[in-house]
file coords-v9.txt (compact mmCIF, C-alpha atoms and all ligand atoms)
# COMPACT_ATOMS: atom_id res chain seq x y z
CA MET A 6 -11.24 -21.38 -17.91
CA ASN A 7 -14.63 -19.70 -17.47
CA PHE A 8 -14.82 -16.18 -16.08
CA THR A 9 -15.37 -17.15 -12.42
CA GLU A 10 -12.41 -19.54 -12.61
CA LEU A 11 -10.27 -16.75 -14.09
CA VAL A 12 -11.23 -14.32 -11.30
CA THR A 13 -10.60 -17.02 -8.67
CA LYS A 14 -7.16 -17.85 -10.08
CA SER A 15 -6.26 -14.20 -10.42
CA ARG A 16 -4.82 -13.80 -6.92
CA SER A 17 -1.94 -11.58 -5.86
CA TYR A 18 1.30 -13.42 -6.66
CA ARG A 19 4.55 -12.11 -5.21
CA ARG A 20 7.12 -14.77 -6.13
CA PHE A 21 7.93 -15.46 -9.76
CA TYR A 22 10.21 -17.33 -12.15
CA GLU A 23 12.21 -14.17 -12.76
CA GLU A 24 14.18 -15.66 -15.65
CA LYS A 25 10.98 -16.47 -17.59
CA THR A 26 10.46 -13.36 -19.65
CA ILE A 27 7.00 -12.22 -20.70
CA ASP A 28 6.52 -11.70 -24.43
CA ARG A 29 6.31 -8.04 -25.29
CA SER A 30 3.15 -8.79 -27.32
CA ILE A 31 1.43 -10.14 -24.16
CA LEU A 32 2.47 -7.07 -22.15
CA GLU A 33 1.05 -4.87 -24.90
CA GLU A 34 -2.14 -6.96 -24.95
CA MET A 35 -2.54 -6.18 -21.22
CA VAL A 36 -2.19 -2.46 -21.94
CA ASN A 37 -4.59 -2.78 -24.86
CA CYS A 38 -7.21 -4.36 -22.55
CA ALA A 39 -6.65 -1.53 -20.03
CA ARG A 40 -7.12 0.98 -22.85
CA LEU A 41 -10.66 -0.36 -23.37
CA ILE A 42 -11.92 -0.02 -19.78
CA PRO A 43 -14.72 2.34 -18.72
CA SER A 44 -13.50 5.83 -17.80
CA ALA A 45 -15.33 8.61 -15.94
CA GLN A 46 -16.45 11.15 -18.57
CA ASN A 47 -14.50 8.94 -20.98
CA LEU A 48 -11.49 11.15 -20.30
CA GLN A 49 -9.04 8.22 -20.44
CA PRO A 50 -6.33 9.93 -18.41
CA LEU A 51 -4.21 6.83 -17.83
CA LYS A 52 -0.91 6.03 -19.52
CA TYR A 53 1.07 2.82 -19.09
CA LEU A 54 4.80 2.44 -18.74
CA VAL A 55 6.00 -1.11 -19.44
CA VAL A 56 9.27 -1.97 -17.71
CA ASP A 57 10.74 -5.30 -18.77
CA GLY A 58 14.43 -4.48 -19.13
CA LYS A 59 17.25 -3.59 -16.78
CA GLU A 60 15.20 -0.75 -15.24
CA ARG A 61 13.23 -3.44 -13.35
CA GLU A 62 15.73 -3.15 -10.52
CA LEU A 63 14.98 0.58 -10.19
CA VAL A 64 11.26 -0.18 -9.89
CA PHE A 65 11.81 -3.00 -7.43
CA GLN A 66 13.72 -0.71 -5.04
CA THR A 67 10.65 1.51 -4.64
CA LEU A 68 8.09 -1.17 -3.72
CA LYS A 69 6.78 -2.50 -0.41
CA TRP A 70 5.61 -6.10 -0.37
CA ALA A 71 3.02 -7.95 1.67
CA GLY A 72 2.62 -5.82 4.80
CA TYR A 73 1.09 -8.72 6.75
CA LEU A 74 4.09 -11.00 6.11
CA THR A 75 6.25 -9.19 8.62
CA GLU A 76 9.06 -11.77 8.48
CA TRP A 77 9.42 -11.48 4.71
CA ASP A 78 11.34 -8.70 2.93
CA GLY A 79 9.80 -9.31 -0.49
CA PRO A 80 10.90 -11.58 -3.31
CA SER A 81 14.56 -12.53 -3.34
CA GLU A 82 16.77 -12.45 -6.43
CA GLY A 83 15.56 -15.01 -8.92
CA GLU A 84 11.96 -14.69 -7.69
CA ARG A 85 11.39 -11.06 -8.62
CA PRO A 86 8.92 -9.83 -11.23
CA ALA A 87 9.83 -10.33 -14.87
CA ALA A 88 8.07 -7.08 -15.78
CA TYR A 89 6.12 -4.17 -14.38
CA ILE A 90 3.39 -1.97 -15.73
CA VAL A 91 3.44 1.44 -14.08
CA ILE A 92 0.00 3.06 -14.27
CA LEU A 93 0.33 6.81 -14.70
CA SER A 94 -2.29 9.52 -14.88
CA ASP A 95 -1.74 12.39 -17.25
CA THR A 96 -2.54 15.55 -15.26
CA GLU A 97 -3.00 17.51 -18.49
CA ILE A 98 -6.06 15.30 -19.14
CA SER A 99 -7.37 15.03 -15.56
CA LYS A 100 -6.10 16.05 -12.14
CA ASN A 101 -8.66 13.98 -10.33
CA VAL A 102 -8.42 10.34 -11.34
CA LYS A 103 -10.57 8.61 -8.77
CA TRP A 104 -11.21 5.05 -9.83
CA ASP A 105 -9.93 4.45 -13.35
CA HIS A 106 -6.56 3.03 -12.19
CA GLY A 107 -8.29 0.40 -10.01
CA ILE A 108 -10.34 -0.79 -12.96
CA ALA A 109 -7.22 -0.76 -15.14
CA ALA A 110 -5.19 -2.72 -12.59
CA GLN A 111 -7.72 -5.54 -12.29
CA THR A 112 -8.17 -5.67 -16.06
CA ILE A 113 -4.40 -6.07 -16.47
CA LEU A 114 -4.34 -8.87 -13.87
CA LEU A 115 -7.20 -10.73 -15.52
CA CYS A 116 -5.57 -10.44 -18.93
CA SER A 117 -2.26 -11.63 -17.50
CA MET A 118 -3.82 -14.63 -15.75
CA SER A 119 -5.57 -15.59 -18.99
CA HIS A 120 -1.99 -16.26 -20.20
CA GLY A 121 -0.97 -18.04 -16.98
CA ILE A 122 0.95 -14.97 -15.81
CA GLY A 123 0.48 -13.81 -12.22
CA GLY A 124 0.76 -10.35 -10.78
CA CYS A 125 0.31 -8.07 -7.84
CA ILE A 126 -1.08 -4.57 -7.60
CA ILE A 127 1.36 -2.44 -5.60
CA GLY A 128 0.06 0.77 -4.08
CA SER A 129 2.84 1.14 -1.57
CA VAL A 130 5.34 2.75 -3.92
CA ASN A 131 7.97 5.39 -3.24
CA LYS A 132 6.57 7.52 -6.04
CA ALA A 133 9.10 10.35 -5.80
CA GLN A 134 11.99 7.92 -6.06
CA LEU A 135 10.39 6.02 -8.94
CA SER A 136 9.62 9.23 -10.88
CA ASP A 137 13.21 10.37 -10.44
CA SER A 138 14.87 7.12 -11.32
CA LEU A 139 12.77 6.53 -14.44
CA TYR A 140 12.84 10.23 -15.45
CA ILE A 141 9.05 10.44 -15.57
CA PRO A 142 8.03 14.01 -16.48
CA GLU A 143 6.17 16.01 -13.80
CA ARG A 144 3.02 16.01 -15.88
CA TYR A 145 2.46 12.33 -14.99
CA THR A 146 1.39 11.05 -11.57
CA ILE A 147 2.25 7.48 -10.60
CA GLU A 148 -0.99 5.78 -9.51
CA LEU A 149 -0.11 2.09 -9.14
CA VAL A 150 2.54 -0.41 -10.13
CA ILE A 151 1.61 -3.87 -11.38
CA ALA A 152 4.27 -6.52 -10.80
CA LEU A 153 4.11 -9.41 -13.27
CA GLY A 154 5.67 -12.80 -13.82
CA TYR A 155 5.09 -16.52 -14.12
CA PRO A 156 4.01 -17.55 -10.59
CA LYS A 157 6.41 -19.50 -8.41
CA GLU A 158 4.04 -19.82 -5.48
CA LYS A 159 0.75 -21.48 -4.69
CA VAL A 160 -2.01 -19.17 -3.54
CA VAL A 161 -5.32 -20.43 -2.16
CA ILE A 162 -8.49 -18.81 -0.94
CA ASP A 163 -9.81 -19.62 2.56
CA GLU A 164 -13.47 -18.79 3.16
CA ILE A 165 -13.90 -16.99 6.47
CA ASN A 166 -16.76 -15.91 8.67
CA ASP A 167 -17.51 -12.30 9.53
CA GLY A 168 -15.22 -11.26 12.37
CA ASP A 169 -12.45 -13.72 11.43
CA ASP A 170 -8.92 -12.53 10.71
CA ILE A 171 -8.61 -11.15 7.16
CA ARG A 172 -4.79 -11.17 7.19
CA TYR A 173 -3.20 -13.37 4.55
CA TYR A 174 -0.43 -15.72 5.66
CA ARG A 175 1.98 -18.43 4.47
CA ASP A 176 1.77 -21.93 5.88
CA LYS A 177 4.69 -24.29 6.57
CA ASP A 178 4.63 -25.49 2.93
CA GLU A 179 4.95 -21.86 1.76
CA THR A 180 1.41 -21.87 0.38
CA HIS A 181 -0.03 -18.36 0.55
CA HIS A 182 -3.54 -18.25 2.07
CA VAL A 183 -5.94 -15.42 1.28
CA PRO A 184 -9.00 -15.18 3.54
CA LYS A 185 -12.17 -14.10 1.73
CA ARG A 186 -15.59 -13.42 3.21
CA LYS A 187 -18.41 -15.76 2.22
CA LEU A 188 -20.95 -14.86 -0.47
CA LYS A 189 -23.78 -14.89 2.10
CA ASP A 190 -21.87 -12.33 4.19
CA VAL A 191 -21.31 -9.86 1.37
CA LEU A 192 -24.82 -10.06 -0.10
CA PHE A 193 -26.55 -7.26 1.75
CA PHE A 194 -30.30 -7.30 2.31
CA PRO A 195 -31.87 -4.23 3.95
CA GLU A 196 -34.66 -5.02 6.44
CA SER A 197 -37.17 -3.47 4.04
CA PHE A 198 -36.40 -6.17 1.43
CA LYS A 199 -37.35 -9.04 3.76
C1 LIG B 1 -5.17 -0.86 -4.42
C2 LIG B 1 -4.32 -2.02 -3.97
C3 LIG B 1 -3.06 -1.78 -3.48
C4 LIG B 1 -2.25 -2.84 -3.07
N1 LIG B 1 -0.97 -2.59 -2.65
C5 LIG B 1 -0.16 -3.61 -2.32
C6 LIG B 1 1.19 -3.35 -1.94
O1 LIG B 1 1.63 -2.21 -1.84
N2 LIG B 1 1.98 -4.43 -1.67
C7 LIG B 1 1.54 -5.72 -1.76
O2 LIG B 1 2.32 -6.66 -1.53
N3 LIG B 1 0.25 -6.00 -2.12
C8 LIG B 1 -0.59 -4.97 -2.39
N4 LIG B 1 -1.89 -5.23 -2.80
C9 LIG B 1 -2.37 -6.61 -2.90
C10 LIG B 1 -3.28 -6.96 -1.72
O3 LIG B 1 -2.50 -7.20 -0.59
C11 LIG B 1 -4.13 -8.20 -2.10
O4 LIG B 1 -5.04 -7.84 -3.08
C12 LIG B 1 -4.86 -8.79 -0.90
O5 LIG B 1 -3.95 -9.31 0.03
C13 LIG B 1 -5.83 -9.89 -1.29
O6 LIG B 1 -5.18 -10.91 -1.99
P1 LIG B 1 -5.72 -11.31 -3.43
O7 LIG B 1 -5.35 -10.16 -4.36
O8 LIG B 1 -5.03 -12.56 -3.78
O9 LIG B 1 -7.20 -11.43 -3.32
C14 LIG B 1 -2.73 -4.18 -3.18
C15 LIG B 1 -4.02 -4.42 -3.69
C16 LIG B 1 -4.80 -3.36 -4.08
C17 LIG B 1 -6.18 -3.64 -4.65
call {"tool": "encode", "arguments": {"input": "coords-v9.txt", "output": "structure tokens"}}
result
Amino acid sequence: MNFTELVTKSRSYRRFYEEKTIDRSILEEMVNCARLIPSAQNLQPLKYLVVDGKERELVFQTLKWAGYLTEWDGPSEGERPAAYIVILSDTEISKNVKWDHGIAAQTILLCSMSHGIGGCIIGSVNKAQLSDSLYIPERYTIELVIALGYPKEKVVIDEINDGDDIRYYRDKDETHHVPKRKLKDVLFFPESFK
């Protein structure tokens, strides 16, 4: 897979073969890749909590899935993530983490897809509940949760025109469609360049 193929395949997956566990070494490789990302002022304030045991249920209870799929309550038992990586920021290093967690999240997803593992960045997290149930010390702020597992759904990209609906949907075969704007519509040319 070349890099563009990897990025294209690295969609948000929300249904998994829950029973297919992810090797701990692969989960740690994902964190190792995230460790190497750029960081503002090279502060490296992020820490990573890998959850691949029974605590997965506690994480799952705090997540909101696929806001546009209003008829769907999230993955059912047997299709839930095999693991999570909770991205934390350490407030003793920085209280103002602006972008690092976004870069880390995508790096984790690309690393996971390079192993055929899918994932989804979850920002809609009940952070207070998750901190309490995992006993995360106050010093750490939960930034994002990455859900991970071997994908049990097909996800395709649909190219759309400017003004078209950007909401993802599932078709009658349960294929998940993700609308993406065309290259020509995201390449911006100011008048002065013409
Ligand atoms: C910062 C961020 C937060 C997100 N939060 C959620 C979330 O809370 N729940 C969810 O199901 N998907 C979430 N997503 C996934 C987006 O819905 C997804 O990226 C979008 O639908 C486009 O699909 P794609 O990732 O396959 O391109 C989030 C993505 C990003 C980048």
call {"tool": "atom_distance", "arguments": {"input": "coords-v9.txt", "atom1": "CA of Lys103 in chain A", "atom2": "CA of Gln46 in chain A"}}
result
11.7 Å
call {"tool": "residues_around", "arguments": {"input": "coords-v9.txt", "residues": "Leu135 in chain A", "least_positions_apart": "5", "cutoff": "10 Å", "atoms": "all atoms listed in the file", "output": "mmCIF file with C-alpha atoms, keeping the file's coordinate frame"}}
result
data_model
loop_
_atom_site.group_PDB
_atom_site.id
_atom_site.type_symbol
_atom_site.label_atom_id
_atom_site.label_comp_id
_atom_site.auth_asym_id
_atom_site.auth_seq_id
_atom_site.Cartn_x
_atom_site.Cartn_y
_atom_site.Cartn_z
ATOM 1 C CA LEU A 63 14.980 0.580 -10.190
ATOM 2 C CA VAL A 64 11.260 -0.180 -9.890
ATOM 3 C CA PHE A 65 11.810 -3.000 -7.430
ATOM 4 C CA GLN A 66 13.720 -0.710 -5.040
ATOM 5 C CA THR A 67 10.650 1.510 -4.640
ATOM 6 C CA LEU A 68 8.090 -1.170 -3.720
ATOM 7 C CA VAL A 91 3.440 1.440 -14.080
ATOM 8 C CA VAL A 130 5.340 2.750 -3.920
ATOM 9 C CA TYR A 140 12.840 10.230 -15.450
ATOM 10 C CA ILE A 141 9.050 10.440 -15.570
ATOM 11 C CA ILE A 147 2.250 7.480 -10.600
#
call {"tool": "residues_near_ligand", "arguments": {"input": "coords-v9.txt", "ligand": "ligand LIG 1 (chain B)", "cutoff": "9 Å", "atoms": "all atoms listed in the file", "output": "ChimeraX atom specification"}}
result
/A:13-19,68-74,79,106-107,110-111,124-130,149-150,160-162,171-173,181-185
call {"tool": "atom_distance", "arguments": {"input": "coords-v9.txt", "atom1": "CA of Asn131 in chain A", "atom2": "CA of Thr180 in chain A"}}
result
28.3 Å
call {"tool": "closest_residue", "arguments": {"input": "coords-v9.txt", "among": "A:Lys159, A:Lys100, A:Lys59, A:His120", "to": "Arg20 in chain A", "atoms": "only C-alpha atoms"}}
result
A:Lys159
call {"tool": "closest_residue", "arguments": {"input": "coords-v9.txt", "among": "A:Asp95, A:Cys38, A:Glu24, A:Gln49", "to": "Cys116 in chain A", "atoms": "all atoms listed in the file"}}
result
A:Cys38
call {"tool": "closest_residue", "arguments": {"input": "coords-v9.txt", "among": "A:Glu82, A:Ser138, A:Pro50, A:Ile151", "to": "Ser117 in chain A", "atoms": "all atoms listed in the file"}}
result
A:Ile151
call {"tool": "closest_residue", "arguments": {"input": "coords-v9.txt", "among": "A:Leu139, A:Leu153, A:Leu48, A:Ile42", "to": "Glu60 in chain A", "atoms": "all atoms listed in the file"}}
result
A:Leu139
call {"tool": "atom_distance", "arguments": {"input": "coords-v9.txt", "atom1": "CA of Glu62 in chain A", "atom2": "CA of Asp176 in chain A"}}
result
28.6 Å
call {"tool": "closest_residue", "arguments": {"input": "coords-v9.txt", "among": "A:Ser197, A:Asn166, A:Thr9, A:Ser44", "to": "Ser99 in chain A", "atoms": "all atoms listed in the file"}}
result
A:Ser44
call {"tool": "closest_residue", "arguments": {"input": "coords-v9.txt", "among": "A:Asp163, A:Glu97, A:Glu33, A:Asp170", "to": "Glu143 in chain A", "atoms": "only C-alpha atoms"}}
result
A:Glu97
call {"tool": "residues_around", "arguments": {"input": "coords-v9.txt", "residues": "Val36 in chain A", "least_positions_apart": "6", "cutoff": "9 Å", "atoms": "only C-alpha atoms", "output": "JSON list (two decimals) with C-alpha atoms, keeping the file's coordinate frame"}}
result
[["chain", "number", "residue", "atom", "x", "y", "z"],
["A", 52, "LYS", "CA", -0.91, 6.03, -19.52],
["A", 53, "TYR", "CA", 1.07, 2.82, -19.09],
["A", 55, "VAL", "CA", 6.00, -1.11, -19.44],
["A", 90, "ILE", "CA", 3.39, -1.97, -15.73],
["A", 109, "ALA", "CA", -7.22, -0.76, -15.14],
["A", 112, "THR", "CA", -8.17, -5.67, -16.06],
["A", 113, "ILE", "CA", -4.40, -6.07, -16.47]]
